[in-house]
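Asks: Here it is, the structure, as structure tokens.
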Amino acid sequence: MIQFEKLQEIAGAEHVRRDEPMSSHTTFRIGGPADYYVETGDEQTLASLVCACRQTNTPFFILGNGSNLLVADEGYRGVMISLRGFNEISFAEEKTSDGKTLMKAGSGVLLSKAAMQAAGKGLAGFEFAGGIPGTLGGAVTMNAGAYGGEIKDVIVSARVMDMEGQIRELSAQELELSYRHSVIQEQELIVLSAVFAFKDGDTEQIQEKMRELNAQRREKQPLEYGSAGSTFKRPEGYFAGKLIQDAGLKGYRCGDVMVSEKHSGFVVNVGKGTCRDAMQVIEHVQRTVYEQFGVELELEVKRLG
């Protein structure tokens with residue numbers, strides 16, 4: 001296991017903490033303490049952290065906004081590396097040959113912030129991302145999407161780091177983006193930043209569309225509670241929420257975790273829910289839906305610890 005002092009040496013003492021509660025770093029608001037928690041926004045520091053963890057056989061996890069993560073009550077035995085420091089956004093002054101404007105954003109930038117900045121410059125095509133709670137790095141990794149739009153529709157390239165600390169650029173085609181999938185997952189790459197291309201639009205119309213989508217999200221989704229978004233992947237030919245509702249599971253509860261009464265595709269933390277509560281709800285839902293409809297619900301949420 002890597003030593004605390006070594007992490008401080010690499011990242012700076014002010015960026016390293018012991019026994020950090022992961023409930024403070026996940027949108028589910030669930031999770032026990034990580035042995036070590038490190039924040040960085042520097043590529044060389046990140047490469048050194050990854051290599052040091054690998055050399056000492058120390059488990060580590062790359063953390064964005066924790067919006068798709070369910071951490072065990074016992075916590076995480078290893079190093080959580082937060083990339084929220086990779087938070088710069090810039091726009092190219094010159095347009096591309098097809099008249100679009102390029103935006104470069106770091107992996108730790110919240111999608112909502114990137115979408116707002118693009119909208120403020122009258123750039124269209126990123127409205128769908130305005131209400132997605134994750135960071136850009138996680139969005140590229142999972143090809144995040146909503147309301148008919150996906151990352152693959154607007155991305156040009158991504159700057160990534162491998163497990164040896166080597167950095168390279170991958171084109172949109174090389175990323176192999178599909179439903180909740182990319183080559184980043186397969187090759188265990190870390191997104192550092194990405195470039196997107198947007199066409200010109202009317203600022204007021206773009207912002208109004210974002211307001212409409214966010215209003216729809218607030219109306220249909222249980223945003224007032226902690227959750228990790230859609231709990232299950234969409235089964236081919238079905239909708240997870242519809243299957244769960246038809247199985248009579250809306251409102252099913254264990255402790256302070258329950259199937260949302262507003263949207264059955266969401267498992268929510270309505271108080272001081274635990275990972276144990278969440279897994280009891282999730283496993284009951286999976287078992288019941290399979291028994292009634294013969295459909296296996298696959299977790300979209302990543303479990304850790």
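Each chain in the structure tokens gets a letter, A, B and so on, in the order shown; residues start at 1 in every chain, and ligands are counted from 1 in the order they appear.
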Taking the DSSP assignment computed from this structure's backbone, write out as number ranges by chain all residues of range 32-267 of chain A that belong to strand (DSSP E).
Replies: A: 33-39, 60-63, 69-71, 76-82, 89-91, 101-106, 123-124, 145-146, 149-150, 155-161, 167-171, 190-200, 226-230, 253-254, 257-259, 266-267
Asks: Find the spatial neighbours of Pro235 in chain A, counting only C-alpha atoms, within a cut-off of 10 Å - ignore same-chain residues fewer than 5 positions away - and output them as a list in words.
Replies: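 In the requested format, the answer is Ala240, Leu243, Val295, Glu296, Leu297 and Glu298 of chain A.
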Asks: Counting only C-alpha atoms, what is within 12 Å of Leu69 in chain A, bar same-chain residues fewer than 4 positions away, as a ChimeraX atom specification?
Replies: /A:22-31,61-65,134,138,226-231,275,278,299-305
Asks: Choose the residue, out of A:Ala11, A:Leu46, A:Val191, A:Ala72, that has the smallest atom-to-atom separation from Asp277 in chain A; count only C-alpha atoms.
Replies: A:Ala72
Asks: According to DSSP computed on the backbone, where in range 73-160 of chain A is there alpha helix (DSSP H)? Give the residues as a list in words.
Replies: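 Restricting range 73-160 of chain A to alpha helix (DSSP H) produces Leu111, Ser112, Lys113, Ala114, Ala115, Met116, Gln117, Ala118, Ala119, Gly120, Leu136, Gly137, Gly138, Ala139, Val140, Thr141 and Met142 of chain A.
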